$ cat model19.cif   # mmCIF, C-alpha atoms and all ligand atoms
data_protein
loop_
_atom_site.group_PDB
_atom_site.id
_atom_site.type_symbol
_atom_site.label_atom_id
_atom_site.label_comp_id
_atom_site.auth_asym_id
_atom_site.auth_seq_id
_atom_site.Cartn_x
_atom_site.Cartn_y
_atom_site.Cartn_z
ATOM 1 C CA MET A 1 13.432 -22.942 -13.592
ATOM 2 C CA PRO A 2 9.631 -22.697 -13.499
ATOM 3 C CA ILE A 3 7.788 -23.829 -10.411
ATOM 4 C CA VAL A 4 5.523 -26.736 -11.276
ATOM 5 C CA ARG A 5 2.415 -26.380 -9.150
ATOM 6 C CA SER A 6 -1.224 -26.996 -9.955
ATOM 7 C CA GLU A 7 -3.640 -24.082 -9.951
ATOM 8 C CA GLU A 8 -5.495 -25.725 -7.062
ATOM 9 C CA ASP A 9 -2.316 -26.021 -4.998
ATOM 10 C CA THR A 10 -1.518 -22.376 -5.734
ATOM 11 C CA ARG A 11 -4.953 -21.329 -4.525
ATOM 12 C CA GLU A 12 -4.614 -23.348 -1.341
ATOM 13 C CA LEU A 13 -1.183 -21.920 -0.647
ATOM 14 C CA LEU A 14 -2.381 -18.377 -1.311
ATOM 15 C CA ALA A 15 -5.371 -18.719 0.994
ATOM 16 C CA ARG A 16 -3.090 -20.031 3.749
ATOM 17 C CA ARG A 17 -0.483 -17.324 3.178
ATOM 18 C CA LEU A 18 -3.168 -14.636 3.336
ATOM 19 C CA GLU A 19 -4.259 -15.900 6.756
ATOM 20 C CA GLU A 20 -0.655 -15.924 7.963
ATOM 21 C CA VAL A 21 0.042 -12.403 6.713
ATOM 22 C CA ARG A 22 -3.100 -11.140 8.445
ATOM 23 C CA THR A 23 -1.665 -12.268 11.774
ATOM 24 C CA LEU A 24 1.082 -9.659 11.341
ATOM 25 C CA ASP A 25 -1.435 -6.905 11.820
ATOM 26 C CA ASP A 26 -1.445 -6.805 15.612
ATOM 27 C CA THR A 27 2.205 -7.532 16.167
ATOM 28 C CA VAL A 28 4.015 -5.344 13.650
ATOM 29 C CA PHE A 29 1.688 -2.641 12.426
ATOM 30 C CA ALA A 30 0.467 -1.311 15.733
ATOM 31 C CA ASP A 31 3.750 0.108 16.963
ATOM 32 C CA SER A 32 5.201 1.166 13.630
ATOM 33 C CA VAL A 33 6.592 4.646 13.252
ATOM 34 C CA SER A 34 5.274 7.562 11.203
ATOM 35 C CA ASP A 35 3.836 6.512 7.825
ATOM 36 C CA VAL A 36 5.337 3.045 8.020
ATOM 37 C CA GLY A 37 2.419 1.433 9.863
ATOM 38 C CA ASP A 38 0.013 2.998 7.389
ATOM 39 C CA HIS A 39 2.116 1.733 4.484
ATOM 40 C CA HIS A 40 2.139 -1.782 5.899
ATOM 41 C CA ARG A 41 -1.621 -1.716 6.150
ATOM 42 C CA LYS A 42 -1.833 -0.523 2.536
ATOM 43 C CA LEU A 43 0.567 -3.250 1.412
ATOM 44 C CA LEU A 44 -1.608 -5.808 3.185
ATOM 45 C CA GLU A 45 -4.729 -4.350 1.512
ATOM 46 C CA ARG A 46 -3.080 -4.594 -1.896
ATOM 47 C CA PHE A 47 -1.945 -8.135 -1.171
ATOM 48 C CA GLU A 48 -5.488 -9.068 -0.066
ATOM 49 C CA SER A 49 -6.989 -7.567 -3.228
ATOM 50 C CA PHE A 50 -4.485 -9.353 -5.400
ATOM 51 C CA VAL A 51 -5.029 -12.717 -3.724
ATOM 52 C CA GLY A 52 -8.794 -12.081 -3.787
ATOM 53 C CA ALA A 53 -8.655 -11.549 -7.560
ATOM 54 C CA LEU A 54 -6.561 -14.677 -7.999
ATOM 55 C CA LEU A 55 -8.839 -16.793 -5.831
ATOM 56 C CA ALA A 56 -11.845 -15.488 -7.757
ATOM 57 C CA GLY A 57 -10.311 -17.101 -10.799
ATOM 58 C CA HIS A 58 -8.869 -14.179 -12.738
ATOM 59 C CA LEU A 59 -5.475 -15.742 -13.022
ATOM 60 C CA GLU A 60 -4.017 -14.075 -16.106
ATOM 61 C CA ASN A 61 -5.366 -10.734 -17.227
ATOM 62 C CA ASP A 62 -4.627 -7.036 -17.592
ATOM 63 C CA ARG A 63 -6.232 -6.172 -14.270
ATOM 64 C CA LEU A 64 -3.833 -8.471 -12.450
ATOM 65 C CA ASP A 65 -0.947 -6.885 -14.285
ATOM 66 C CA ASP A 66 -2.125 -3.415 -13.223
ATOM 67 C CA MET A 67 -2.433 -4.605 -9.630
ATOM 68 C CA ALA A 68 1.018 -6.188 -9.734
ATOM 69 C CA GLN A 69 2.561 -3.002 -11.171
ATOM 70 C CA ASP A 70 0.771 -0.905 -8.574
ATOM 71 C CA PHE A 71 2.043 -3.160 -5.791
ATOM 72 C CA GLY A 72 5.608 -2.852 -7.076
ATOM 73 C CA GLN A 73 5.375 0.942 -7.286
ATOM 74 C CA PHE A 74 3.864 1.307 -3.860
ATOM 75 C CA LEU A 75 6.485 -1.004 -2.410
ATOM 76 C CA GLY A 76 9.276 1.090 -3.969
ATOM 77 C CA GLY A 77 7.881 4.245 -2.336
ATOM 78 C CA HIS A 78 7.521 2.440 0.967
ATOM 79 C CA PHE A 79 11.123 1.259 0.864
ATOM 80 C CA SER A 80 12.284 4.857 0.307
ATOM 81 C CA VAL A 81 10.378 6.076 3.352
ATOM 82 C CA GLU A 82 11.688 3.288 5.573
ATOM 83 C CA GLU A 83 15.229 3.866 4.350
ATOM 84 C CA THR A 84 14.959 7.603 5.014
ATOM 85 C CA ILE A 85 13.867 6.820 8.566
ATOM 86 C CA MET A 86 16.859 4.487 8.930
ATOM 87 C CA ASP A 87 19.207 7.254 7.746
ATOM 88 C CA LEU A 88 17.619 9.872 10.002
ATOM 89 C CA LEU A 89 17.965 7.602 13.028
ATOM 90 C CA GLU A 90 21.412 6.303 12.025
ATOM 91 C CA TYR A 91 19.997 2.809 12.305
ATOM 92 C CA PRO A 92 22.882 0.350 12.837
ATOM 93 C CA LEU A 93 21.254 -2.444 10.774
ATOM 94 C CA ALA A 94 20.427 -0.161 7.837
ATOM 95 C CA GLU A 95 22.684 -1.757 5.242
ATOM 96 C CA VAL A 96 21.465 -5.321 5.684
ATOM 97 C CA HIS A 97 17.854 -4.100 5.790
ATOM 98 C CA LYS A 98 18.277 -2.034 2.625
ATOM 99 C CA GLU A 99 19.928 -4.997 0.920
ATOM 100 C CA HIS A 100 16.867 -7.120 1.753
ATOM 101 C CA HIS A 101 14.701 -4.442 0.105
ATOM 102 C CA ARG A 102 16.924 -4.307 -2.972
ATOM 103 C CA ARG A 103 16.956 -8.070 -3.451
ATOM 104 C CA PHE A 104 13.204 -8.388 -3.113
ATOM 105 C CA ALA A 105 12.510 -5.521 -5.542
ATOM 106 C CA GLU A 106 14.796 -7.283 -8.012
ATOM 107 C CA GLU A 107 13.082 -10.642 -7.453
ATOM 108 C CA LEU A 108 9.634 -9.110 -8.029
ATOM 109 C CA GLY A 109 10.830 -7.373 -11.188
ATOM 110 C CA GLN A 110 12.216 -10.656 -12.539
ATOM 111 C CA LEU A 111 9.017 -12.532 -11.664
ATOM 112 C CA LEU A 112 6.882 -9.953 -13.458
ATOM 113 C CA ARG A 113 9.069 -10.103 -16.547
ATOM 114 C CA MET A 114 8.651 -13.900 -16.641
ATOM 115 C CA VAL A 115 4.834 -13.915 -16.394
ATOM 116 C CA PRO A 116 4.220 -12.884 -20.036
ATOM 117 C CA LEU A 117 6.710 -15.561 -21.110
ATOM 118 C CA GLY A 118 4.607 -18.204 -19.365
ATOM 119 C CA VAL A 119 7.476 -19.300 -17.124
ATOM 120 C CA ARG A 120 5.907 -17.846 -13.980
ATOM 121 C CA THR A 121 2.367 -16.912 -12.979
ATOM 122 C CA TYR A 122 0.721 -14.175 -10.957
ATOM 123 C CA GLY A 123 0.161 -16.913 -8.372
ATOM 124 C CA ASP A 124 3.949 -17.200 -8.033
ATOM 125 C CA PHE A 125 4.139 -13.414 -7.764
ATOM 126 C CA ALA A 126 1.534 -13.338 -4.973
ATOM 127 C CA LEU A 127 3.163 -16.209 -3.094
ATOM 128 C CA ALA A 128 6.521 -14.447 -3.228
ATOM 129 C CA ILE A 129 4.914 -11.307 -1.807
ATOM 130 C CA GLY A 130 3.126 -13.216 0.946
ATOM 131 C CA GLN A 131 6.295 -15.002 1.978
ATOM 132 C CA TRP A 132 8.245 -11.779 1.911
ATOM 133 C CA LEU A 133 5.682 -9.834 3.959
ATOM 134 C CA LEU A 134 5.767 -12.539 6.602
ATOM 135 C CA VAL A 135 9.534 -12.754 6.810
ATOM 136 C CA HIS A 136 10.510 -9.146 6.222
ATOM 137 C CA GLU A 137 7.847 -7.368 8.221
ATOM 138 C CA GLY A 138 7.984 -9.962 10.972
ATOM 139 C CA THR A 139 11.749 -9.583 11.435
ATOM 140 C CA PHE A 140 13.485 -6.660 9.677
ATOM 141 C CA ASP A 141 10.615 -4.182 9.999
ATOM 142 C CA ALA A 142 9.710 -5.291 13.505
ATOM 143 C CA GLU A 143 13.324 -4.717 14.573
ATOM 144 C CA LEU A 144 13.400 -1.288 12.922
ATOM 145 C CA SER A 145 10.122 -0.431 14.605
ATOM 146 C CA ARG A 146 11.505 -1.347 18.040
ATOM 147 C CA TYR A 147 14.676 0.625 17.437
ATOM 148 C CA ALA A 148 12.766 3.673 16.199
ATOM 149 C CA ALA A 149 10.394 3.603 19.170
ATOM 150 C CA ASP A 150 13.379 3.588 21.551
ATOM 151 C CA ALA A 151 15.265 6.257 19.625
ATOM 152 C CA ILE A 152 12.337 8.612 19.338
ATOM 153 C CA GLY A 153 10.889 8.205 22.818
ATOM 154 C CA ALA A 154 7.327 8.418 23.993
ATOM 155 C CA ASN A 155 6.368 11.851 22.685
ATOM 156 C CA GLY A 156 8.504 12.464 19.613
ATOM 157 C CA GLN A 157 7.770 11.397 16.082
ATOM 158 C CA VAL A 158 9.719 11.124 12.883
ATOM 159 C CA LYS A 159 7.560 12.304 10.045
ATOM 160 C CA VAL A 160 8.589 11.313 6.533
ATOM 161 C CA THR A 161 6.015 12.021 3.876
ATOM 162 C CA GLY A 162 5.354 9.112 1.563
ATOM 163 C CA ARG A 163 2.585 8.045 -0.746
HETATM 164 FE FE FE B 201 8.165 -2.272 5.543
HETATM 165 FE FE FE B 202 11.702 -2.962 5.460
#
$ encode --input "model19.cif" --output "structure tokens"
Amino acid sequence: MPIVRSEEDTRELLARRLEEVRTLDDTVFADSVSDVGDHHRKLLERFESFVGALLAGHLENDRLDDMAQDFGQFLGGHFSVEETIMDLLEYPLAEVHKEHHRRFAEELGQLLRMVPLGVRTYGDFALAIGQWLLVHEGTFDAELSRYAADAIGANGQVKVTGR
């Protein structure tokens, strides 16, 4: 079922979501482990670029598709790194966290497949990402970050090479 929302409403929502996602920076990214904090910053940068392109008025074009594909690929790599860290640390909440990753990757894939059909827009795609970053990084990733910091201790570090 397509979401019926005017372009203006989408822009307003995106601008608001961008501000909200930026507030994550100090709370979640700072104490992230290994490459994860860096990945989160890169996800935020990609999200900002995508929203920036949308707000500039390039709502449906090849560049947006490239950016959306790039976001999806980067996110997939990021999930692998986080999940490797969970396995290495025998993280007790790993399964529910991984399931959240799986469901979101599936949702993004479905959204992207619907854009060319005209049933969804890149605005919907960006809003889904913004909502997900807020919820997932603010809860699941923050919890993993706390657990990892405790498990590793002050001087140790888990190093998992990602993109
Ligand atoms: Fe993450
Ligand atoms: Fe995660």
$ closest_residue --input "model19.cif" --among "A:Glu48, A:Tyr122, A:Leu13, A:Arg41" --to "A:His78" --atoms "all atoms listed in the file"
A:Arg41
$ residues_near_ligand --input "model19.cif" --ligand "ligand FE 201 (chain B)" --cutoff "8 Å" --atoms "all atoms listed in the file" --output "ChimeraX atom specification"
/A:36,39-40,78-79,82,136-137,141
$ write_last_selection --input "model19.cif" --atoms "C-alpha atoms" --output "mmCIF file, in the coordinates of the input"
data_model
loop_
_atom_site.group_PDB
_atom_site.id
_atom_site.type_symbol
_atom_site.label_atom_id
_atom_site.label_comp_id
_atom_site.auth_asym_id
_atom_site.auth_seq_id
_atom_site.Cartn_x
_atom_site.Cartn_y
_atom_site.Cartn_z
ATOM 1 C CA VAL A 36 5.337 3.045 8.020
ATOM 2 C CA HIS A 39 2.116 1.733 4.484
ATOM 3 C CA HIS A 40 2.139 -1.782 5.899
ATOM 4 C CA HIS A 78 7.521 2.440 0.967
ATOM 5 C CA PHE A 79 11.123 1.259 0.864
ATOM 6 C CA GLU A 82 11.688 3.288 5.573
ATOM 7 C CA HIS A 136 10.510 -9.146 6.222
ATOM 8 C CA GLU A 137 7.847 -7.368 8.221
ATOM 9 C CA ASP A 141 10.615 -4.182 9.999
#
$ closest_residue --input "model19.cif" --among "A:Ala105, A:Ala53, A:Met114, A:Leu89" --to "ligand FE 202 (chain B)" --atoms "all atoms listed in the file"
A:Ala105
$ residues_near_point --input "model19.cif" --point "(4.9, -9.3, -3.5)" --cutoff "8 Å" --atoms "all atoms listed in the file" --output "list of chain:residue names"
A:Phe47, A:Ala68, A:Phe71, A:Gly72, A:Leu108, A:Phe125, A:Ala126, A:Leu127, A:Ala128, A:Ile129, A:Gly130, A:Trp132, A:Leu133
$ residues_near_ligand --input "model19.cif" --ligand "ligand FE 202 (chain B)" --cutoff "12 Å" --atoms "only C-alpha atoms and all ligand atoms" --output "NGL selection string"
:A and (28 or 32 or 36-37 or 39-40 or 43 or 75-86 or 93-105 or 132-145)
$ write_last_selection --input "model19.cif" --atoms "C-alpha atoms" --output "mmCIF file, in the coordinates of the input"
data_model
loop_
_atom_site.group_PDB
_atom_site.id
_atom_site.type_symbol
_atom_site.label_atom_id
_atom_site.label_comp_id
_atom_site.auth_asym_id
_atom_site.auth_seq_id
_atom_site.Cartn_x
_atom_site.Cartn_y
_atom_site.Cartn_z
ATOM 1 C CA VAL A 28 4.015 -5.344 13.650
ATOM 2 C CA SER A 32 5.201 1.166 13.630
ATOM 3 C CA VAL A 36 5.337 3.045 8.020
ATOM 4 C CA GLY A 37 2.419 1.433 9.863
ATOM 5 C CA HIS A 39 2.116 1.733 4.484
ATOM 6 C CA HIS A 40 2.139 -1.782 5.899
ATOM 7 C CA LEU A 43 0.567 -3.250 1.412
ATOM 8 C CA LEU A 75 6.485 -1.004 -2.410
ATOM 9 C CA GLY A 76 9.276 1.090 -3.969
ATOM 10 C CA GLY A 77 7.881 4.245 -2.336
ATOM 11 C CA HIS A 78 7.521 2.440 0.967
ATOM 12 C CA PHE A 79 11.123 1.259 0.864
ATOM 13 C CA SER A 80 12.284 4.857 0.307
ATOM 14 C CA VAL A 81 10.378 6.076 3.352
ATOM 15 C CA GLU A 82 11.688 3.288 5.573
ATOM 16 C CA GLU A 83 15.229 3.866 4.350
ATOM 17 C CA THR A 84 14.959 7.603 5.014
ATOM 18 C CA ILE A 85 13.867 6.820 8.566
ATOM 19 C CA MET A 86 16.859 4.487 8.930
ATOM 20 C CA LEU A 93 21.254 -2.444 10.774
ATOM 21 C CA ALA A 94 20.427 -0.161 7.837
ATOM 22 C CA GLU A 95 22.684 -1.757 5.242
ATOM 23 C CA VAL A 96 21.465 -5.321 5.684
ATOM 24 C CA HIS A 97 17.854 -4.100 5.790
ATOM 25 C CA LYS A 98 18.277 -2.034 2.625
ATOM 26 C CA GLU A 99 19.928 -4.997 0.920
ATOM 27 C CA HIS A 100 16.867 -7.120 1.753
ATOM 28 C CA HIS A 101 14.701 -4.442 0.105
ATOM 29 C CA ARG A 102 16.924 -4.307 -2.972
ATOM 30 C CA ARG A 103 16.956 -8.070 -3.451
ATOM 31 C CA PHE A 104 13.204 -8.388 -3.113
ATOM 32 C CA ALA A 105 12.510 -5.521 -5.542
ATOM 33 C CA TRP A 132 8.245 -11.779 1.911
ATOM 34 C CA LEU A 133 5.682 -9.834 3.959
ATOM 35 C CA LEU A 134 5.767 -12.539 6.602
ATOM 36 C CA VAL A 135 9.534 -12.754 6.810
ATOM 37 C CA HIS A 136 10.510 -9.146 6.222
ATOM 38 C CA GLU A 137 7.847 -7.368 8.221
ATOM 39 C CA GLY A 138 7.984 -9.962 10.972
ATOM 40 C CA THR A 139 11.749 -9.583 11.435
ATOM 41 C CA PHE A 140 13.485 -6.660 9.677
ATOM 42 C CA ASP A 141 10.615 -4.182 9.999
ATOM 43 C CA ALA A 142 9.710 -5.291 13.505
ATOM 44 C CA GLU A 143 13.324 -4.717 14.573
ATOM 45 C CA LEU A 144 13.400 -1.288 12.922
ATOM 46 C CA SER A 145 10.122 -0.431 14.605
#
$ closest_residue --input "model19.cif" --among "A:Leu18, A:Leu88, A:Leu44, A:Leu24" --to "A:Ile152" --atoms "only C-alpha atoms"
A:Leu88
$ closest_atom_pairs --input "model19.cif" --of "stretch 33-69 of chain A" --to "stretch 110-113 of chain A" --cutoff "12 Å" --atoms "all atoms listed in the file" --output "tab-separated table"
residue	atom	partner	partner_atom	distance
A:Glu60	CA	A:Leu112	CA	11.9
A:Leu64	CA	A:Leu112	CA	10.9
A:Asp65	CA	A:Leu112	CA	8.4
A:Asp66	CA	A:Leu112	CA	11.1
A:Met67	CA	A:Leu112	CA	11.4
A:Ala68	CA	A:Leu112	CA	7.9
A:Gln69	CA	A:Leu112	CA	8.5
